[in-house]
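Presented below is the structure to which this report refers.
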Amino acid sequence: MDFAAPHWVHLAWPALAVVIAAAYFELRSRETLARFMSLPMQARLAWRQTRARRIAGLALFSLTLALGVVALMRPQSQTGTEVLSRNITADVMIVLDVSKSMLAEDAAPNRLARAKAEINELLERVDGQRVGLVVFAGRAAVRSPLTSDYGFFRLMLRDVNVGSVSHGGTRIGDAVRKAVAVYGPDRGTPRVMLLITDGEDHDSYPLEAVEEAAAAGIRIVAIGFGSETGSEIVVTDRETGARKVLLDSDGNVVRSRLDGDLLREIALMADGVYVPAGTSAVDLDSIVEAHIRPMVADASARVVRRDPTEHYRWFVLGALVSLVAAVWVGSTGAGRGRLAATGTVRP
């Protein structure tokens, strides 16, 4: 048996003090009466009770207080559980790579524009969930905290480009750490991170960051753009419209290589999944159906409500019966003593 309000047990001490005081005054009253009146006079003039009735009355009074304390503690027994029917929301954090290699046009019109379009469509599939956005390249920046205001989220996503982060490179570890910080304390809801990247990590210790995410109960769905063997990045010059190969600051051809092994390990450590998108469009809709919705459904199934049976009513009833019995024992004993003292004979 469990108690819903066990803190009321501390009332047992005041109740015990009341019982001790009642017993003390009962004894003192008889001693005080004996100082002024002899036993024969007490038998003729005073209300008297037998010792057994006095003890019984005191015991019944003590039982009344004890049952009252137990009733306040609300004893319960667990008879079963019931699955709640309410909808469970998830926190979905999108971590988007905005390095220059995302301008590659192997996914029309380019990787970044295609990813943004897919993210916009994703919002239609996660209606009711909170979404957030972290962008990264050589450093990470929060574009949108977790929010259910999709209008605000779309506004922040619309302005994302390769200039959203000033430092070049691809630091996945920094992005994961930033996203974990944005999640904040665990609210008991499913937490999913969509990591969308096309490059290899540049010494940001991503696995250590993923350990922090896993410890916080965050699952990671890693989506990899590009080729694991490496490929040149062809982009369109905005001024001339000419297509050219992307060069670094030293004039060397930039080759984008997807580190699939790293992304697989990230997904494994965070109890998620790795989706190698390659150079094709990312089907986030299928990813939501295959990976995010089952997570939310599993969490919904685990949320149950205990269906306790309350027993305090029986203790309240017992306390009332005990109190009535204590009054009855005291009144009948006194009445008989008075009848004997006045010489009245019962028929």
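Starting from 1 in every chain, residues are counted up; chains themselves are A, B, ... following the order of the structure tokens, and ligands are numbered from 1 as listed.
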
As a PyMOL selection string, please: every residue in segment 92-308 of chain A that a backbone DSSP assignment puts in strand (DSSP E or B). chain A and resi 92-97+130-136+140-147+191-197+218-225+231-232+234-236+243-245+247+253+255-256+273-278+304-308

Got a sec: who's within 9 Å of Asp271 of chain A, counting only C-alpha atoms, leaving out chain neighbours fewer than 4 positions off, as a PyMOL selection string? chain A and resi 214+218-221+266-267

Can you write out the residues you just picked, keeping N, CA and C atoms, as a PDB file, in the first residue's frame?
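Final output, again.pdb:
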```pdb
ATOM      1  N   ALA A 214      23.874  12.340 -26.552  1.00  0.00           N
ATOM      2  CA  ALA A 214      23.271  11.068 -26.173  1.00  0.00           C
ATOM      3  C   ALA A 214      22.929  11.049 -24.686  1.00  0.00           C
ATOM      4  N   ILE A 218      19.144  12.848 -26.637  1.00  0.00           N
ATOM      5  CA  ILE A 218      18.895  13.377 -27.985  1.00  0.00           C
ATOM      6  C   ILE A 218      19.316  12.345 -29.024  1.00  0.00           C
ATOM      7  N   ARG A 219      18.410  12.001 -29.915  1.00  0.00           N
ATOM      8  CA  ARG A 219      18.730  11.113 -31.033  1.00  0.00           C
ATOM      9  C   ARG A 219      19.152  11.960 -32.240  1.00  0.00           C
ATOM     10  N   ILE A 220      20.108  11.453 -32.983  1.00  0.00           N
ATOM     11  CA  ILE A 220      20.621  12.200 -34.127  1.00  0.00           C
ATOM     12  C   ILE A 220      20.361  11.429 -35.416  1.00  0.00           C
ATOM     13  N   VAL A 221      19.697  12.087 -36.358  1.00  0.00           N
ATOM     14  CA  VAL A 221      19.536  11.567 -37.712  1.00  0.00           C
ATOM     15  C   VAL A 221      20.540  12.327 -38.580  1.00  0.00           C
ATOM     16  N   ILE A 266      28.359   8.706 -35.513  1.00  0.00           N
ATOM     17  CA  ILE A 266      27.559   9.697 -34.803  1.00  0.00           C
ATOM     18  C   ILE A 266      26.137   9.175 -34.593  1.00  0.00           C
ATOM     19  N   ALA A 267      25.541   8.654 -35.665  1.00  0.00           N
ATOM     20  CA  ALA A 267      24.175   8.135 -35.566  1.00  0.00           C
ATOM     21  C   ALA A 267      24.106   6.949 -34.609  1.00  0.00           C
TER      22      ALA A 267
END
```

Name the closest residue to Val9 of chain A among the candidates A:Leu58, A:Leu65, A:Val254, A:Leu320; distances are taken between atoms, counting only C-alpha atoms. A:Leu65

I need the residues in segment 109-244 of chain A that are alpha helix (DSSP H) according to DSSP; give them as a VMD selection string. chain A and resid 111 to 125 150 to 158 172 to 183 206 to 215

Considering only C-alpha atoms, state which residue in the set A:Asp250, A:Glu26, A:Asp2, A:Asp91 is at the smallest distance from Thr189 of chain A. A:Asp91

One decimal, in Å: what's the spacing between atom CA of Arg51 of chain A and atom CA of Ala22 of chain A?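 Between atom CA of Arg51 of chain A and atom CA of Ala22 of chain A the gap works out to 14.8 Å.
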
Residues near segment 325-329 of chain A, anyone? I mean within 10 Å using only C-alpha atoms, not counting same-chain ones fewer than 4 positions away, as a ChimeraX atom specification. /A:49,53-64,319-321,333-334

When you count only C-alpha atoms, which of these residues is closest to Leu133 of chain A: A:Leu16, A:Leu157, A:Ala216, A:Val176? A:Leu157

Counting only C-alpha atoms, the option among A:Met156, A:Asp127, A:Ile94, A:Pro190 closest to Ala222 of chain A: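 So, comparing all the options, the nearest one is A:Ile94.
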
Pick from A:Val95, A:Val253, A:Arg114, A:Leu122: nearest to Glu289 of chain A, with only C-alpha atoms counted?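 Among the listed residues, A:Leu122 lies closest to Glu289 of chain A.
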
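The gap separating atom CA of Gly128 of chain A from atom CA of Arg187 of chain A is 15.9 Å, in Å to one decimal.
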
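Residues in contact with Ala71 of chain A at 10 Å, where only C-alpha atoms are counted and same-chain residues fewer than 3 positions away are skipped, are listed as Phe3, Ala5, Trp8, Val9, Leu65, Ala66, Leu67, Gly68, Arg74, Pro75, Glu310, His311, Tyr312, Arg313, Trp314, Phe315, Val316, Leu317, Gly318 and Ala319 of chain A.
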
Write a file of the selected residues as a compact mmCIF listing (two decimals), in the first residue's frame, keeping C-alpha atoms.
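Result file selection.txt:
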```txt
# COMPACT_ATOMS: atom_id res chain seq x y z
CA PHE A 3 0.44 6.87 0.59
CA ALA A 5 0.40 12.38 1.24
CA TRP A 8 0.85 13.94 7.30
CA VAL A 9 2.49 11.15 9.33
CA LEU A 65 -6.74 9.98 16.30
CA ALA A 66 -4.59 7.27 14.72
CA LEU A 67 -7.16 6.45 12.06
CA GLY A 68 -7.58 10.16 11.34
CA ARG A 74 -4.41 8.96 1.76
CA PRO A 75 -3.55 5.25 1.59
CA GLU A 310 -8.22 5.34 -2.59
CA HIS A 311 -8.75 3.76 0.85
CA TYR A 312 -8.91 6.83 3.07
CA ARG A 313 -12.74 6.62 3.24
CA TRP A 314 -12.53 3.42 5.25
CA PHE A 315 -10.15 5.01 7.74
CA VAL A 316 -12.43 8.05 8.09
CA LEU A 317 -15.36 5.70 8.72
CA GLY A 318 -13.31 3.76 11.26
CA ALA A 319 -12.35 6.99 13.03
```

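Shortest separation to Pro308 of chain A among A:Val69, A:Leu112, A:Gln76, A:Arg143 occurs at residue A:Gln76, atoms counted being only C-alpha atoms.
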
If you measure from atom CA of Gly138 of chain A to atom CA of Pro206 of chain A, what distance in Å do you get, rounded to one decimal?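 Distance between the two atoms: 13.0 Å.
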
Spatial neighbours of Glu228 of chain A, 9 Å, only C-alpha atoms, chain gap at least 5 places, as a list in words: Ser256, Arg257, Leu258, Asp259, Gly260, Asp261 and Gly278 of chain A

Which residues, written as a ChimeraX atom specification, have at least one atom at most 10 Å from Gly168 of chain A, with only C-alpha atoms counted and residues fewer than 6 positions away on the same chain left out? /A:98-100,136-139,162

Restrict the selected residues to N, CA and C atoms and save them as a JSON list (two decimals), in the first residue's frame.
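Dumped to selection.json:
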```
[["chain", "number", "residue", "atom", "x", "y", "z"],
["A", 98, "VAL", "N", 26.27, 25.18, -43.73],
["A", 98, "VAL", "CA", 26.19, 26.30, -44.67],
["A", 98, "VAL", "C", 27.58, 26.66, -45.20],
["A", 99, "SER", "N", 28.46, 25.66, -45.25],
["A", 99, "SER", "CA", 29.78, 25.92, -45.82],
["A", 99, "SER", "C", 29.66, 26.14, -47.33],
["A", 100, "LYS", "N", 30.72, 26.65, -47.95],
["A", 100, "LYS", "CA", 30.66, 27.00, -49.37],
["A", 100, "LYS", "C", 30.38, 25.79, -50.26],
["A", 136, "PHE", "N", 25.94, 26.03, -39.37],
["A", 136, "PHE", "CA", 27.35, 25.93, -39.03],
["A", 136, "PHE", "C", 28.21, 25.81, -40.28],
["A", 137, "ALA", "N", 29.42, 26.24, -40.09],
["A", 137, "ALA", "CA", 30.49, 26.01, -41.06],
["A", 137, "ALA", "C", 31.75, 25.86, -40.20],
["A", 138, "GLY", "N", 32.62, 26.93, -40.16],
["A", 138, "GLY", "CA", 33.76, 26.88, -39.27],
["A", 138, "GLY", "C", 33.39, 27.20, -37.84],
["A", 139, "ARG", "N", 32.18, 27.67, -37.60],
["A", 139, "ARG", "CA", 31.62, 27.89, -36.26],
["A", 139, "ARG", "C", 30.12, 27.68, -36.36],
["A", 162, "VAL", "N", 25.39, 30.92, -47.34],
["A", 162, "VAL", "CA", 26.75, 30.56, -46.96],
["A", 162, "VAL", "C", 27.45, 31.68, -46.20]]
```

So that I can see what lies close to Lys178 of chain A, please list as an MDAnalysis selection string the residues with an atom at most 8 Å from it, counting only C-alpha atoms and leaving out residues fewer than 2 positions away in the same chain. chainID A and resid 134 140:142 174:176 180:182

Output the selection as a PDB file, in the first residue's frame - N, CA and C atoms for each residue.
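Dumped everything to out-v4.pdb:
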```pdb
ATOM      1  N   VAL A 134      20.002  25.506 -36.171  1.00  0.00           N
ATOM      2  CA  VAL A 134      21.394  25.883 -35.936  1.00  0.00           C
ATOM      3  C   VAL A 134      22.130  25.715 -37.258  1.00  0.00           C
ATOM      4  N   ALA A 140      29.436  27.670 -35.242  1.00  0.00           N
ATOM      5  CA  ALA A 140      27.993  27.407 -35.224  1.00  0.00           C
ATOM      6  C   ALA A 140      27.246  28.626 -34.706  1.00  0.00           C
ATOM      7  N   ALA A 141      26.041  28.832 -35.233  1.00  0.00           N
ATOM      8  CA  ALA A 141      25.218  29.957 -34.813  1.00  0.00           C
ATOM      9  C   ALA A 141      23.758  29.517 -34.761  1.00  0.00           C
ATOM     10  N   VAL A 142      23.041  30.041 -33.767  1.00  0.00           N
ATOM     11  CA  VAL A 142      21.620  29.723 -33.606  1.00  0.00           C
ATOM     12  C   VAL A 142      20.808  30.702 -34.442  1.00  0.00           C
ATOM     13  N   ASP A 174      31.211  21.441 -32.989  1.00  0.00           N
ATOM     14  CA  ASP A 174      30.724  22.722 -32.463  1.00  0.00           C
ATOM     15  C   ASP A 174      29.228  22.878 -32.704  1.00  0.00           C
ATOM     16  N   ALA A 175      28.767  22.407 -33.863  1.00  0.00           N
ATOM     17  CA  ALA A 175      27.338  22.516 -34.175  1.00  0.00           C
ATOM     18  C   ALA A 175      26.502  21.657 -33.237  1.00  0.00           C
ATOM     19  N   VAL A 176      26.958  20.448 -32.964  1.00  0.00           N
ATOM     20  CA  VAL A 176      26.219  19.553 -32.063  1.00  0.00           C
ATOM     21  C   VAL A 176      26.183  20.131 -30.662  1.00  0.00           C
ATOM     22  N   VAL A 180      22.790  21.147 -28.562  1.00  0.00           N
ATOM     23  CA  VAL A 180      22.493  20.583 -27.237  1.00  0.00           C
ATOM     24  C   VAL A 180      22.196  21.701 -26.244  1.00  0.00           C
ATOM     25  N   ALA A 181      22.960  22.785 -26.325  1.00  0.00           N
ATOM     26  CA  ALA A 181      22.726  23.920 -25.431  1.00  0.00           C
ATOM     27  C   ALA A 181      21.362  24.556 -25.694  1.00  0.00           C
ATOM     28  N   VAL A 182      20.945  24.605 -26.954  1.00  0.00           N
ATOM     29  CA  VAL A 182      19.661  25.212 -27.298  1.00  0.00           C
ATOM     30  C   VAL A 182      18.504  24.375 -26.748  1.00  0.00           C
TER      31      VAL A 182
END
```
